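**Student:** Dropping in data18.csv, with CSV, C-alpha atoms.
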chain,number,residue,atom,x,y,z
A,146,MET,CA,-14.8,9.3,-13.3
A,147,ARG,CA,-13.3,6.5,-11.2
A,148,THR,CA,-13.0,6.6,-7.4
A,149,VAL,CA,-9.6,5.9,-6.0
A,150,LEU,CA,-8.9,5.5,-2.2
A,151,ILE,CA,-5.3,5.8,-1.1
A,152,THR,CA,-4.0,5.2,2.4
A,153,GLY,CA,-0.9,6.9,3.7
A,154,ALA,CA,-1.7,9.8,1.3
A,155,ASN,CA,-0.2,12.8,3.1
A,156,ARG,CA,3.4,12.5,1.9
A,157,GLY,CA,5.8,10.5,-0.2
A,158,ILE,CA,4.5,8.0,-2.7
A,159,GLY,CA,0.9,8.3,-1.3
A,160,LEU,CA,0.9,12.1,-1.9
A,161,ALA,CA,2.3,11.6,-5.4
A,162,LEU,CA,-0.4,9.1,-6.2
A,163,ALA,CA,-3.1,11.4,-4.9
A,164,GLN,CA,-1.7,14.2,-7.1
A,165,GLN,CA,-1.5,12.2,-10.2
A,166,TYR,CA,-4.9,10.4,-9.9
A,167,SER,CA,-6.5,13.8,-9.2
A,168,ALA,CA,-4.7,15.5,-12.1
A,169,ARG,CA,-6.2,12.9,-14.5
A,170,GLY,CA,-9.7,13.5,-13.3
A,171,ASP,CA,-10.3,10.6,-10.9
A,172,ARG,CA,-12.1,11.2,-7.6
A,173,VAL,CA,-9.5,10.7,-4.9
A,174,ILE,CA,-10.2,9.8,-1.3
A,175,ALA,CA,-7.0,10.4,0.6
A,176,VAL,CA,-6.7,8.6,3.9
A,177,CYS,CA,-4.0,9.6,6.4
A,178,ARG,CA,-3.2,10.1,10.1
A,179,ARG,CA,-2.4,13.8,9.5
A,180,ALA,CA,-3.2,15.9,6.5
A,181,SER,CA,-0.6,18.1,4.8
A,182,PRO,CA,-0.9,21.4,2.8
A,183,ALA,CA,0.3,19.5,-0.3
A,184,LEU,CA,-2.4,17.0,0.1
A,185,ASP,CA,-5.1,19.6,0.7
A,186,ALA,CA,-4.0,21.3,-2.5
A,187,THR,CA,-4.8,18.2,-4.6
A,188,GLY,CA,-8.5,18.8,-4.2
A,189,ALA,CA,-8.9,15.2,-2.9
A,190,GLN,CA,-11.5,14.3,-0.3
A,191,VAL,CA,-9.1,14.1,2.7
A,192,GLU,CA,-10.0,11.7,5.5
A,193,SER,CA,-7.4,12.5,8.2
A,194,GLY,CA,-7.0,11.1,11.8
A,195,ILE,CA,-7.1,7.5,10.6
A,196,ASP,CA,-4.5,5.0,11.7
A,197,VAL,CA,-4.8,1.8,9.5
A,198,THR,CA,-4.4,-0.3,12.7
A,199,ASP,CA,-7.4,1.3,14.3
A,200,ALA,CA,-10.5,-0.8,13.7
A,201,ALA,CA,-12.9,1.8,15.1
A,202,ALA,CA,-11.5,4.6,12.9
A,203,LEU,CA,-11.8,2.4,9.9
A,204,ALA,CA,-15.4,1.5,10.7
A,205,ALA,CA,-16.2,5.2,11.0
A,206,LEU,CA,-14.6,5.9,7.7
A,207,ALA,CA,-16.7,3.1,6.1
A,208,ARG,CA,-19.8,4.8,7.5
A,209,ARG,CA,-18.8,8.2,6.2
A,210,LEU,CA,-18.3,6.8,2.7
A,211,GLY,CA,-22.0,6.0,2.6
A,212,ASP,CA,-22.8,4.4,-0.8
A,213,THR,CA,-19.5,5.4,-2.4
A,214,ARG,CA,-18.1,2.6,-4.6
A,215,ILE,CA,-14.3,2.3,-4.8
A,216,ASP,CA,-12.8,1.3,-8.2
A,217,THR,CA,-9.2,1.4,-7.1
A,218,LEU,CA,-7.9,0.8,-3.6
A,219,VAL,CA,-4.2,1.6,-3.0
A,220,LEU,CA,-3.0,0.3,0.4
A,221,ASN,CA,0.2,2.3,0.7
A,222,ALA,CA,0.6,3.2,4.4
A,223,GLY,CA,3.7,1.7,5.9
A,224,ILE,CA,6.6,2.1,8.3
A,225,LEU,CA,10.2,0.9,8.4
A,226,ALA,CA,12.7,0.4,11.2
A,227,LYS,CA,16.2,-1.2,11.1
A,228,GLU,CA,17.2,-4.0,13.6
A,229,SER,CA,20.6,-5.6,14.0
A,230,LEU,CA,20.9,-9.2,15.2
A,231,GLY,CA,22.2,-9.4,18.7
A,232,GLU,CA,21.0,-5.8,19.5
A,233,ILE,CA,17.2,-6.3,19.4
A,234,ASP,CA,16.1,-5.3,22.9
A,235,ALA,CA,12.5,-5.1,24.3
A,236,ALA,CA,11.9,-1.8,22.5
A,237,GLY,CA,13.2,-3.4,19.3
A,238,PHE,CA,10.7,-6.2,19.5
A,239,ASP,CA,8.0,-3.7,20.2
A,240,SER,CA,9.1,-2.0,17.0
A,241,LEU,CA,8.9,-5.3,15.1
A,242,ARG,CA,5.3,-5.8,16.4
A,243,ARG,CA,4.4,-2.3,15.3
A,244,GLN,CA,5.7,-3.0,11.8
A,245,PHE,CA,3.6,-6.1,11.6
A,246,GLU,CA,0.5,-4.1,12.8
A,247,VAL,CA,1.0,-1.4,10.2
A,248,ASN,CA,2.6,-3.1,7.2
A,249,ALA,CA,0.9,-6.5,7.3
A,250,LEU,CA,-2.3,-6.3,9.3
A,251,GLY,CA,-3.1,-2.7,8.3
A,252,PRO,CA,-3.8,-3.5,4.7
A,253,LEU,CA,-6.0,-6.4,5.7
A,254,LYS,CA,-8.0,-4.3,8.2
A,255,VAL,CA,-8.6,-1.6,5.6
A,256,ALA,CA,-9.6,-4.1,2.9
A,257,GLN,CA,-12.0,-5.8,5.3
A,258,ALA,CA,-13.5,-2.5,6.6
A,259,LEU,CA,-14.1,-1.3,3.0
A,260,LEU,CA,-15.2,-4.6,1.5
A,261,GLY,CA,-18.8,-3.5,1.0
A,262,HIS,CA,-17.6,-0.4,-0.8
A,263,LEU,CA,-15.4,-2.2,-3.4
A,264,ALA,CA,-17.0,-2.2,-6.8
A,265,ASP,CA,-17.2,-5.4,-8.7
A,266,GLY,CA,-14.2,-5.4,-11.0
A,267,ALA,CA,-12.2,-3.1,-8.7
A,268,ARG,CA,-8.4,-3.3,-8.4
A,269,ILE,CA,-6.4,-3.4,-5.2
A,270,GLY,CA,-2.8,-2.4,-5.1
A,271,ILE,CA,-0.8,-3.3,-2.0
A,272,VAL,CA,2.4,-1.3,-1.9
A,273,THR,CA,4.8,-3.9,-0.5
A,274,SER,CA,8.6,-4.2,-1.1
A,275,ARG,CA,11.0,-6.6,-2.7
A,276,MET,CA,12.6,-6.7,0.8
A,277,GLY,CA,9.6,-9.0,1.5
A,278,SER,CA,10.9,-11.5,-1.1
A,279,ILE,CA,12.5,-14.5,0.6
A,280,ALA,CA,14.3,-15.6,-2.6
A,281,ASP,CA,15.7,-12.1,-3.1
A,282,ASN,CA,17.1,-11.6,0.4
A,283,GLY,CA,20.9,-11.5,0.0
A,284,SER,CA,21.7,-8.9,2.7
A,285,GLY,CA,19.8,-9.9,5.8
A,286,GLY,CA,18.8,-7.5,8.6
A,287,TYR,CA,15.6,-5.4,8.7
A,288,TYR,CA,13.9,-8.2,10.5
A,289,GLY,CA,10.6,-6.4,11.2
A,290,TYR,CA,10.3,-4.8,7.8
A,291,ARG,CA,11.2,-7.9,5.8
A,292,ALA,CA,9.0,-10.2,7.7
A,293,SER,CA,6.0,-7.8,7.7
A,294,LYS,CA,6.3,-7.3,3.9
A,295,ALA,CA,6.6,-11.1,3.4
A,296,ALA,CA,3.4,-11.4,5.5
A,297,VAL,CA,1.5,-8.8,3.6
A,298,ASN,CA,2.5,-10.6,0.4
A,299,ALA,CA,0.8,-13.8,1.7
A,300,ILE,CA,-2.2,-11.7,2.8
A,301,GLY,CA,-2.5,-10.2,-0.6
A,302,LYS,CA,-2.4,-13.6,-2.3
A,303,SER,CA,-5.3,-14.8,-0.1
A,304,LEU,CA,-7.2,-11.6,-0.8
A,305,ALA,CA,-6.7,-12.3,-4.5
A,306,VAL,CA,-8.2,-15.8,-4.2
A,307,ASP,CA,-11.1,-14.7,-2.1
A,308,LEU,CA,-12.0,-11.6,-4.2
A,309,LYS,CA,-11.6,-13.1,-7.7
A,310,PRO,CA,-15.2,-14.3,-7.9
A,311,ARG,CA,-16.2,-10.6,-7.7
A,312,GLY,CA,-13.8,-9.8,-10.5
A,313,ILE,CA,-11.6,-7.9,-8.0
A,314,ALA,CA,-7.9,-8.1,-8.8
A,315,VAL,CA,-5.2,-7.8,-6.1
A,316,PHE,CA,-1.5,-6.9,-6.9
A,317,LEU,CA,1.5,-6.8,-4.7
A,318,LEU,CA,3.6,-3.8,-6.0
A,319,HIS,CA,7.2,-2.9,-5.1
A,320,PRO,CA,7.6,0.8,-6.0
A,321,GLY,CA,11.4,0.7,-6.3
A,322,TYR,CA,14.0,2.4,-4.1
A,323,VAL,CA,12.2,5.7,-3.7
A,324,ALA,CA,13.6,8.9,-2.2
A,325,THR,CA,11.1,9.5,0.6
A,326,ASP,CA,11.4,10.4,4.3
A,327,MET,CA,11.2,6.7,5.2
A,328,VAL,CA,14.7,6.1,3.8
A,329,GLY,CA,16.1,9.5,4.6
A,330,GLY,CA,15.6,11.0,1.2
A,331,ARG,CA,17.9,8.5,-0.5
A,332,GLY,CA,16.7,6.6,-3.5
A,333,ASP,CA,16.8,5.9,-7.3
A,334,LEU,CA,13.4,7.3,-8.0
A,335,THR,CA,11.4,10.3,-7.0
A,336,PRO,CA,8.0,9.7,-5.5
A,337,GLU,CA,6.4,11.1,-8.7
A,338,GLN,CA,8.3,8.6,-10.8
A,339,ALA,CA,7.3,5.7,-8.5
A,340,ALA,CA,3.7,6.8,-8.5
A,341,ARG,CA,3.5,7.0,-12.2
A,342,GLN,CA,4.8,3.4,-12.5
A,343,LEU,CA,2.4,2.1,-9.9
A,344,ILE,CA,-0.6,3.7,-11.6
A,345,GLU,CA,0.5,2.2,-14.9
A,346,ARG,CA,0.7,-1.3,-13.3
A,347,LEU,CA,-2.8,-0.9,-11.8
A,348,ASP,CA,-4.1,0.3,-15.2
A,349,THR,CA,-2.7,-2.5,-17.2
A,350,LEU,CA,-2.5,-5.6,-15.1
A,351,THR,CA,-5.5,-7.9,-15.5
A,352,LEU,CA,-7.7,-10.2,-13.4
A,353,GLU,CA,-5.8,-13.2,-14.9
A,354,GLN,CA,-2.7,-11.8,-13.1
A,355,THR,CA,-4.3,-11.3,-9.7
A,356,GLY,CA,-2.3,-12.3,-6.7
A,357,THR,CA,1.1,-11.6,-8.4
A,358,PHE,CA,4.2,-9.7,-7.2
A,359,TRP,CA,5.5,-6.9,-9.4
A,360,HIS,CA,8.2,-4.3,-9.5
A,361,GLY,CA,6.8,-0.9,-10.4
A,362,ASN,CA,8.8,-1.0,-13.6
A,363,GLY,CA,6.8,-4.0,-14.8
A,364,THR,CA,9.2,-6.8,-13.9
A,365,PRO,CA,7.8,-9.8,-12.1
A,366,LEU,CA,9.4,-10.5,-8.7
A,367,PRO,CA,10.1,-13.8,-6.9
A,368,TRP,CA,8.4,-14.7,-3.6
Please render this file's structure as structure tokens.
**Tutor:**
Amino acid sequence: MRTVLITGANRGIGLALAQQYSARGDRVIAVCRRASPALDATGAQVESGIDVTDAAALAALARRLGDTRIDTLVLNAGILAKESLGEIDAAGFDSLRRQFEVNALGPLKVAQALLGHLADGARIGIVTSRMGSIADNGSGGYYGYRASKAAVNAIGKSLAVDLKPRGIAVFLLHPGYVATDMVGGRGDLTPEQAARQLIERLDTLTLEQTGTFWHGNGTPLPW
């Protein structure tokens, strides 16, 4: 039995990941701000009340985990807001900062807080977005989301370099355009389909590929 810890696990892709990892027999630790009946039904160990930007909450989580060793860490928690050039007021810039806190610094804070719990040879999947690809940006806008995802891509690459001596691989994973609450239920994939692809990537990518950027369907993505 492998131990999988997932952030943002109470709904959407995170919930689907918790359901599928649990169904195949892995021990799942589901981290979220608020639990949900669907998450409780998975049988996962639910750790609620945790904001990934809250260092004290993450330190408390690390203490509660005791001697637990994490084999797969899925950094999935994220938020999205839309900004239009010329209309970004003070509240808009506050929103940009919040997206950086959650989408870019959140994964780094979680990884650092749980560093001592990562098993040698573990895998880390950072759920990012192709909207963080500079080369792929042909439509503009979404300043906070794009920039925060580009930032987490850079953070993930540094994590890959720093953790490689321990045999820990880090992958930047774009799940696709997924029909979740974040995008108003629109999308090309269900959360279940996206989760299945992400799990396949984490199962099959190797240490030699650490620090790389992938679409969930297995296609490499440009930075």
**Student:** Tell me, as an mmCIF file with C-alpha atoms, in the coordinates of the input, which residues lie within 8 Å of range 312-326 of chain A, counting only C-alpha atoms; anything in the same chain fewer than 3 positions away does not count.
**Tutor:**
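Output contents, as saved in part.cif:
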data_model
loop_
_atom_site.group_PDB
_atom_site.id
_atom_site.type_symbol
_atom_site.label_atom_id
_atom_site.label_comp_id
_atom_site.auth_asym_id
_atom_site.auth_seq_id
_atom_site.Cartn_x
_atom_site.Cartn_y
_atom_site.Cartn_z
ATOM 1 C CA GLY A 157 5.800 10.500 -0.200
ATOM 2 C CA ILE A 158 4.500 8.000 -2.700
ATOM 3 C CA ALA A 264 -17.000 -2.200 -6.800
ATOM 4 C CA ASP A 265 -17.200 -5.400 -8.700
ATOM 5 C CA GLY A 266 -14.200 -5.400 -11.000
ATOM 6 C CA ALA A 267 -12.200 -3.100 -8.700
ATOM 7 C CA ARG A 268 -8.400 -3.300 -8.400
ATOM 8 C CA ILE A 269 -6.400 -3.400 -5.200
ATOM 9 C CA GLY A 270 -2.800 -2.400 -5.100
ATOM 10 C CA ILE A 271 -0.800 -3.300 -2.000
ATOM 11 C CA VAL A 272 2.400 -1.300 -1.900
ATOM 12 C CA THR A 273 4.800 -3.900 -0.500
ATOM 13 C CA SER A 274 8.600 -4.200 -1.100
ATOM 14 C CA ARG A 275 11.000 -6.600 -2.700
ATOM 15 C CA ASN A 298 2.500 -10.600 0.400
ATOM 16 C CA GLY A 301 -2.500 -10.200 -0.600
ATOM 17 C CA LYS A 302 -2.400 -13.600 -2.300
ATOM 18 C CA LEU A 304 -7.200 -11.600 -0.800
ATOM 19 C CA ALA A 305 -6.700 -12.300 -4.500
ATOM 20 C CA LEU A 308 -12.000 -11.600 -4.200
ATOM 21 C CA LYS A 309 -11.600 -13.100 -7.700
ATOM 22 C CA GLY A 329 16.100 9.500 4.600
ATOM 23 C CA GLY A 330 15.600 11.000 1.200
ATOM 24 C CA ARG A 331 17.900 8.500 -0.500
ATOM 25 C CA GLY A 332 16.700 6.600 -3.500
ATOM 26 C CA ASP A 333 16.800 5.900 -7.300
ATOM 27 C CA LEU A 334 13.400 7.300 -8.000
ATOM 28 C CA THR A 335 11.400 10.300 -7.000
ATOM 29 C CA PRO A 336 8.000 9.700 -5.500
ATOM 30 C CA ALA A 339 7.300 5.700 -8.500
ATOM 31 C CA ALA A 340 3.700 6.800 -8.500
ATOM 32 C CA GLN A 342 4.800 3.400 -12.500
ATOM 33 C CA LEU A 343 2.400 2.100 -9.900
ATOM 34 C CA LEU A 347 -2.800 -0.900 -11.800
ATOM 35 C CA THR A 351 -5.500 -7.900 -15.500
ATOM 36 C CA LEU A 352 -7.700 -10.200 -13.400
ATOM 37 C CA GLN A 354 -2.700 -11.800 -13.100
ATOM 38 C CA THR A 355 -4.300 -11.300 -9.700
ATOM 39 C CA GLY A 356 -2.300 -12.300 -6.700
ATOM 40 C CA THR A 357 1.100 -11.600 -8.400
ATOM 41 C CA PHE A 358 4.200 -9.700 -7.200
ATOM 42 C CA TRP A 359 5.500 -6.900 -9.400
ATOM 43 C CA HIS A 360 8.200 -4.300 -9.500
ATOM 44 C CA GLY A 361 6.800 -0.900 -10.400
ATOM 45 C CA ASN A 362 8.800 -1.000 -13.600
#
**Student:** For Ala200 in chain A, please output as a list of chain:residue names all residues within 12 Å (counting all atoms listed in the file; exclusion window: fewer than 5 positions along the same chain).
**Tutor:**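 Surrounding residues, per the criterion: A:Ile195, A:Ala205, A:Leu206, A:Ala207, A:Glu246, A:Leu250, A:Gly251, A:Pro252, A:Leu253, A:Lys254, A:Val255, A:Ala256, A:Gln257, A:Ala258, A:Leu259.
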**Student:** So how far away is CA of Ser293 in chain A from CA of Thr349 in chain A, in Å?
**Tutor:**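 Here the two named atoms are 26.9 Å from each other.
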**Student:** For Ile215 in chain A, which residue among A:Leu260, A:Ala168, A:Leu366, A:Ala280 is the nearest when counting all atoms listed in the file?
**Tutor:**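 Closest to Ile215 in chain A of all the choices is A:Leu260.
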**Student:** List the residues sitting within 12 Å of (-1.3, 12.4, -1.1) in the file's frame, using all atoms listed in the file, as number ranges by chain.
**Tutor:** A: 149-168, 173-193, 219, 221-222, 336-337, 340
**Student:** Just how far from CA of Glu232 in chain A is CA of Gly289 in chain A, in Å to one decimal?
**Tutor:**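 If I compute the distance from CA of Gly289 in chain A to CA of Glu232 in chain A, I get 13.3 Å.
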**Student:** Suppose you want the space between CA of Gly170 in chain A and CA of Arg214 in chain A; what is it in Å?
**Tutor:**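 Spanning CA of Gly170 in chain A to CA of Arg214 in chain A is a straight-line distance of 16.3 Å.
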**Student:** Counting all atoms listed in the file, figure out which residue out of A:Pro367, A:Asp348, A:Ser303, A:Gln244 gets nearest to Thr217 in chain A.
**Tutor:**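 Checking each of A:Pro367, A:Asp348, A:Ser303, A:Gln244 against Thr217 in chain A, counting all atoms listed in the file, the winner is A:Asp348.
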**Student:** Taking all atoms listed in the file into account, which of A:Val247, A:Met146, A:Ala204, A:Ala299 comes nearest Leu220 in chain A?
**Tutor:**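 Using all atoms listed in the file, the shortest distance to Leu220 in chain A belongs to A:Val247.
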**Student:** Might you pull out every residue within 12 Å of Arg208 in chain A, with all atoms listed in the file counted and same-chain residues fewer than 5 positions away left off, and present them as number ranges by chain?
**Tutor:** A: 201-203, 213, 258-259, 261-262
**Student:** Taking only C-alpha atoms into account, which of A:Gly363, A:Gly231, A:Tyr288, A:Arg147 comes nearest Glu345 in chain A?
**Tutor:**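 Once distances to Glu345 in chain A are computed over only C-alpha atoms, the minimum belongs to A:Gly363.
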